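Below you'll find the structure, written out as structure tokens, and then a few comments.
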Amino acid sequence: MQLTIDLTGRDVLVAGSEKSARQAIRRYQDAGAHVFRLSTPEDVPSDGQLPERPFLVAVVDDGEAGWLGLVERCRDAGIPVAFEPAPGVEGHVTLVGGGPGALDLLTVGAVEALRDADVVFYDRLAPYQELASLTSAELVDVGKQPGLHKVTQRDIEKLMVEAALLGKNVVRLKGGDPYVFGRGGEEVAACVAAGVPVRVISGVTSAISVPAAAGIPVTHREVSHMFTVVSGHAPLTEKEHTHLAGLGGTIVVLMGIGTLPQLAAGLRRAGMSPDMPMAVVERGYRPGQRTTIAELGTIETAATGCSNPAVLVIGEVVRVAETNRNHAEASAELSRLAASLLEA
């Protein structure tokens, strides 16, 4: 995570080996500090005097108990001391689920992995606008848009593996969850095949969080006790339409704006009622979030102006959300009325 204190022009002493201190050094340099370093406790002068009187001493937790003497001397001299975590083992890959794009929906594990990174390969649906406040790593945009893949999936995997083999800590930051239509399984397989250590940090999937942002629960007592998540990248087959229509519960479709007409028509042909409520939630948790609600029989017309990124929700839970919204709006109106009467 980047530093919030302004260290422009300040001298900062970083205590720690080159490998263990590399990320701390980047953070302080990015904050504008002049950084100098002690590699081992033996580098501390025997008289206890530091090379210069720094504004701050940052001690990296690299297992060297010998830094305790330096810490005591700094405290005696009134020099502030900051303790920095050591990076993880060099040369590994972490697939990180970035959630629906909201910074406050990143997990603690995601934040820690970003702090530990030397390079981050990020997608367009990840919270990339906030990365400068989360990591001092090199940032590489490998985001794919519908019909425009500036970096192919195979090339992304190659970049990840090559960086890890060079000893870098790599984060592959994705929107949502790596294992929910995120091709995380393929990227793990590529790392395993190359002998690169890899782990996965799950993220908040947009299949649940984006409907929630619009007030839509994917399950609701006595309304829906199951939900099905479907990829909308390609049109479904008639058999798949029939299967979905017969499941009941809630259907959530990710990346489905392009195939919405085929989906709606296919579900109607499969026997789903045309008055089944349906919602299109665009840009969940982002500026310009918008929800369009219609019925299965009219959704193609209602959603004409909708665009990706969007999540489609089909099921009676959409009606539940509408009821709750109407109740909340009525309650708010009553509150405003009561307040105006009290003022009168």
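Naming works like this for the structure tokens: A, B, ... for the chains as they're shown, residue 1 at the start of each chain, ligands 1 onward in shown order.
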_Residues of stretch 154-272 of chain A in strand (DSSP E), written as a count of residues only_ = 19
*asked:* Need the shell around A:Val14: protein/DNA/RNA residues with any atom at most 10 Å away, counting only C-alpha atoms. Skip same-chain ones fewer than 3 positions apart. Format as a VMD selection string?
replied: chain A and resid 11 17 to 18 21 to 22 24 to 25 28 35 to 39 54 56 to 60 81 to 84
Save the residues we just selected, N, CA, C and O atoms, as a PDB file, in the first residue's frame?
```
ATOM      1  N   ASP A  11      14.939  12.426   4.022  1.00  0.00           N
ATOM      2  CA  ASP A  11      15.841  11.278   4.045  1.00  0.00           C
ATOM      3  C   ASP A  11      15.195  10.149   4.844  1.00  0.00           C
ATOM      4  O   ASP A  11      14.775  10.353   5.987  1.00  0.00           O
ATOM      5  N   SER A  17      17.802  -6.360   3.794  1.00  0.00           N
ATOM      6  CA  SER A  17      18.549  -6.804   2.627  1.00  0.00           C
ATOM      7  C   SER A  17      17.890  -6.302   1.345  1.00  0.00           C
ATOM      8  O   SER A  17      16.723  -5.899   1.334  1.00  0.00           O
ATOM      9  N   GLU A  18      18.651  -6.335   0.254  1.00  0.00           N
ATOM     10  CA  GLU A  18      18.138  -5.821  -1.018  1.00  0.00           C
ATOM     11  C   GLU A  18      16.854  -6.525  -1.426  1.00  0.00           C
ATOM     12  O   GLU A  18      15.891  -5.896  -1.869  1.00  0.00           O
ATOM     13  N   ALA A  21      13.901  -5.761   1.170  1.00  0.00           N
ATOM     14  CA  ALA A  21      13.523  -4.353   1.308  1.00  0.00           C
ATOM     15  C   ALA A  21      13.052  -3.723   0.001  1.00  0.00           C
ATOM     16  O   ALA A  21      12.673  -2.552  -0.009  1.00  0.00           O
ATOM     17  N   ARG A  22      13.048  -4.485  -1.086  1.00  0.00           N
ATOM     18  CA  ARG A  22      12.827  -3.864  -2.398  1.00  0.00           C
ATOM     19  C   ARG A  22      11.470  -3.151  -2.496  1.00  0.00           C
ATOM     20  O   ARG A  22      11.365  -2.081  -3.090  1.00  0.00           O
ATOM     21  N   ALA A  24       9.595  -2.006   0.066  1.00  0.00           N
ATOM     22  CA  ALA A  24       9.588  -0.853   0.975  1.00  0.00           C
ATOM     23  C   ALA A  24      10.336   0.319   0.348  1.00  0.00           C
ATOM     24  O   ALA A  24       9.895   1.470   0.424  1.00  0.00           O
ATOM     25  N   ILE A  25      11.443   0.018  -0.304  1.00  0.00           N
ATOM     26  CA  ILE A  25      12.216   1.079  -0.960  1.00  0.00           C
ATOM     27  C   ILE A  25      11.375   1.758  -2.030  1.00  0.00           C
ATOM     28  O   ILE A  25      11.335   2.990  -2.134  1.00  0.00           O
ATOM     29  N   TYR A  28       8.747   4.149  -0.438  1.00  0.00           N
ATOM     30  CA  TYR A  28       9.273   5.414   0.067  1.00  0.00           C
ATOM     31  C   TYR A  28       9.767   6.305  -1.068  1.00  0.00           C
ATOM     32  O   TYR A  28       9.623   7.534  -1.010  1.00  0.00           O
ATOM     33  N   VAL A  35      16.093   7.797  -0.353  1.00  0.00           N
ATOM     34  CA  VAL A  35      16.226   6.548   0.392  1.00  0.00           C
ATOM     35  C   VAL A  35      17.682   6.096   0.407  1.00  0.00           C
ATOM     36  O   VAL A  35      18.350   6.058  -0.634  1.00  0.00           O
ATOM     37  N   PHE A  36      18.193   5.785   1.598  1.00  0.00           N
ATOM     38  CA  PHE A  36      19.453   5.077   1.695  1.00  0.00           C
ATOM     39  C   PHE A  36      19.235   3.866   2.597  1.00  0.00           C
ATOM     40  O   PHE A  36      18.222   3.775   3.294  1.00  0.00           O
ATOM     41  N   ARG A  37      20.150   2.923   2.551  1.00  0.00           N
ATOM     42  CA  ARG A  37      19.834   1.604   3.088  1.00  0.00           C
ATOM     43  C   ARG A  37      20.996   1.021   3.876  1.00  0.00           C
ATOM     44  O   ARG A  37      22.161   1.247   3.563  1.00  0.00           O
ATOM     45  N   LEU A  38      20.637   0.241   4.903  1.00  0.00           N
ATOM     46  CA  LEU A  38      21.571  -0.628   5.615  1.00  0.00           C
ATOM     47  C   LEU A  38      21.184  -2.065   5.287  1.00  0.00           C
ATOM     48  O   LEU A  38      20.040  -2.468   5.510  1.00  0.00           O
ATOM     49  N   SER A  39      22.108  -2.834   4.753  1.00  0.00           N
ATOM     50  CA  SER A  39      21.784  -4.184   4.299  1.00  0.00           C
ATOM     51  C   SER A  39      21.737  -5.200   5.432  1.00  0.00           C
ATOM     52  O   SER A  39      20.927  -6.121   5.424  1.00  0.00           O
ATOM     53  N   PRO A  54      18.317  10.660   9.668  1.00  0.00           N
ATOM     54  CA  PRO A  54      17.181  10.574   8.754  1.00  0.00           C
ATOM     55  C   PRO A  54      15.898  11.109   9.397  1.00  0.00           C
ATOM     56  O   PRO A  54      15.790  11.215  10.617  1.00  0.00           O
ATOM     57  N   LEU A  56      13.184   9.462   9.016  1.00  0.00           N
ATOM     58  CA  LEU A  56      12.469   8.238   9.393  1.00  0.00           C
ATOM     59  C   LEU A  56      13.365   7.044   9.133  1.00  0.00           C
ATOM     60  O   LEU A  56      14.142   7.040   8.166  1.00  0.00           O
ATOM     61  N   VAL A  57      13.264   6.031   9.986  1.00  0.00           N
ATOM     62  CA  VAL A  57      13.943   4.761   9.755  1.00  0.00           C
ATOM     63  C   VAL A  57      12.888   3.682   9.579  1.00  0.00           C
ATOM     64  O   VAL A  57      11.983   3.532  10.414  1.00  0.00           O
ATOM     65  N   ALA A  58      12.969   2.958   8.457  1.00  0.00           N
ATOM     66  CA  ALA A  58      12.039   1.875   8.173  1.00  0.00           C
ATOM     67  C   ALA A  58      12.787   0.552   8.290  1.00  0.00           C
ATOM     68  O   ALA A  58      13.761   0.318   7.574  1.00  0.00           O
ATOM     69  N   VAL A  59      12.320  -0.291   9.195  1.00  0.00           N
ATOM     70  CA  VAL A  59      12.972  -1.583   9.432  1.00  0.00           C
ATOM     71  C   VAL A  59      12.112  -2.682   8.832  1.00  0.00           C
ATOM     72  O   VAL A  59      10.937  -2.836   9.201  1.00  0.00           O
ATOM     73  N   VAL A  60      12.703  -3.428   7.917  1.00  0.00           N
ATOM     74  CA  VAL A  60      11.983  -4.515   7.265  1.00  0.00           C
ATOM     75  C   VAL A  60      12.093  -5.766   8.113  1.00  0.00           C
ATOM     76  O   VAL A  60      13.191  -6.146   8.547  1.00  0.00           O
ATOM     77  N   VAL A  81      10.469   5.390  13.914  1.00  0.00           N
ATOM     78  CA  VAL A  81      10.765   4.083  13.320  1.00  0.00           C
ATOM     79  C   VAL A  81       9.470   3.473  12.792  1.00  0.00           C
ATOM     80  O   VAL A  81       8.459   3.448  13.502  1.00  0.00           O
ATOM     81  N   ALA A  82       9.507   3.004  11.545  1.00  0.00           N
ATOM     82  CA  ALA A  82       8.373   2.291  10.951  1.00  0.00           C
ATOM     83  C   ALA A  82       8.805   0.858  10.688  1.00  0.00           C
ATOM     84  O   ALA A  82       9.963   0.599  10.333  1.00  0.00           O
ATOM     85  N   PHE A  83       7.884  -0.077  10.890  1.00  0.00           N
ATOM     86  CA  PHE A  83       8.183  -1.481  10.655  1.00  0.00           C
ATOM     87  C   PHE A  83       7.458  -1.942   9.390  1.00  0.00           C
ATOM     88  O   PHE A  83       6.237  -1.770   9.261  1.00  0.00           O
ATOM     89  N   GLU A  84       8.232  -2.511   8.465  1.00  0.00           N
ATOM     90  CA  GLU A  84       7.699  -2.929   7.173  1.00  0.00           C
ATOM     91  C   GLU A  84       7.697  -4.456   7.078  1.00  0.00           C
ATOM     92  O   GLU A  84       8.661  -5.107   7.489  1.00  0.00           O
TER      93      GLU A  84
END
```
_Quick one: residues within 12 Å of stretch 197-201 of chain A, only C-alpha atoms, excluding same-chain residues fewer than 4 positions away - as a ChimeraX atom specification?_
/A:88-99,106-114,160-161,164-165,167-179,182-193
Considering only C-alpha atoms, give me a table of residues in stretch 191-237 of chain A that are at most 12 Å from stretch 262-275 of chain A, with the closest atom pair and distance in Å for each, as JSON lines.
```
{"residue": "A:Val230", "atom": "CA", "partner": "A:Leu263", "partner_atom": "CA", "distance": 10.7}
{"residue": "A:Ser231", "atom": "CA", "partner": "A:Leu263", "partner_atom": "CA", "distance": 11.0}
{"residue": "A:Gly232", "atom": "CA", "partner": "A:Leu263", "partner_atom": "CA", "distance": 8.4}
{"residue": "A:His233", "atom": "CA", "partner": "A:Leu263", "partner_atom": "CA", "distance": 11.1}
{"residue": "A:Ala234", "atom": "CA", "partner": "A:Gln262", "partner_atom": "CA", "distance": 9.6}
{"residue": "A:Pro235", "atom": "CA", "partner": "A:Gln262", "partner_atom": "CA", "distance": 6.4}
{"residue": "A:Leu236", "atom": "CA", "partner": "A:Leu263", "partner_atom": "CA", "distance": 7.0}
{"residue": "A:Thr237", "atom": "CA", "partner": "A:Gly266", "partner_atom": "CA", "distance": 8.3}
```
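Atom pair atom CA of A:Ala15 / atom CA of A:Ala31: separated by 17.3 Å.
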*Report as a ChimeraX atom specification: the residues of stretch 17-157 of chain A with a DSSP assignment of alpha helix (DSSP H), based on the backbone of this structure.*
/A:18-30,67-76,108-115,153-157
_Which residue of A:Val313, A:Leu244, A:Val253, A:Ile208 approaches A:Pro277 most closely, using only C-alpha atoms_ =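 Going through A:Val313, A:Leu244, A:Val253, A:Ile208 one by one, the smallest distance to A:Pro277 is for A:Val313.
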*Would you please work out which residue, of A:Thr250, A:Thr259, A:Thr291, A:Thr298, is nearest to A:Glu316 when using only C-alpha atoms?*
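Among the listed residues, A:Thr250 lies closest to A:Glu316.
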Spatial neighbours of A:Glu322, max dist 12 Å, only C-alpha atoms, sep filter under 6 positions, as a short mmCIF file (atom, residue, chain, number, x, y, z; two decimals) with C-alpha atoms, in the first residue's frame:
```
data_model
loop_
_atom_site.label_atom_id
_atom_site.label_comp_id
_atom_site.auth_asym_id
_atom_site.auth_seq_id
_atom_site.Cartn_x
_atom_site.Cartn_y
_atom_site.Cartn_z
CA ALA A 214 -29.50 -2.94 -7.11
CA GLY A 215 -31.31 -4.32 -4.07
CA ILE A 216 -31.96 -7.71 -5.66
CA PRO A 217 -31.34 -10.82 -3.50
CA PRO A 277 -39.64 -10.18 -14.08
CA MET A 278 -36.14 -9.44 -15.33
CA ALA A 279 -33.54 -6.83 -14.43
CA THR A 291 -31.09 -0.79 -13.24
CA THR A 292 -33.63 -1.52 -15.97
CA ILE A 293 -36.58 -3.70 -14.97
CA ALA A 294 -39.09 -5.25 -17.35
CA GLU A 316 -39.34 -13.50 -8.88
CA ALA A 328 -38.51 2.16 1.40
CA GLU A 329 -39.59 5.07 -0.79
#
```
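Counting only C-alpha atoms and comparing A:Ile314, A:Leu7, A:Phe121, A:Ser136, the residue that lies closest to A:Val151 is A:Phe121.
For A:Arg124, the list of residues within 8 Å, based on only C-alpha atoms and with local chain neighbours fewer than 2 positions off taken out, reads A:Tyr122, A:Ala126, A:Pro127, A:Tyr128, A:Asp141, A:Val142, A:Gly143, A:Lys144, A:Gln145, A:Gly175.
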*Polymer residues at most 10 Å from A:Glu130, only C-alpha atoms, same-chain spacing of 5 or more positions, as a ChimeraX atom specification*: /A:101-103,135
Could you write out that same residue set with C-alpha atoms as a PDB file, in the first residue's frame?
```
ATOM      1  CA  GLY A 101     -14.751  -2.909  -8.911  1.00  0.00           C
ATOM      2  CA  ALA A 102     -15.432  -1.214  -5.581  1.00  0.00           C
ATOM      3  CA  LEU A 103     -12.344  -0.660  -3.445  1.00  0.00           C
ATOM      4  CA  THR A 135       0.767  -1.188  -4.505  1.00  0.00           C
TER       5      THR A 135
END
```
*Just how far from atom CA of A:Gly284 is atom CA of A:Arg221, in Å to one decimal?*
24.3 Å
*asked:* What does the structure give for the distance between atom CA of A:Leu70 and atom CA of A:Gln23, in Å to one decimal?
replied: 20.6 Å
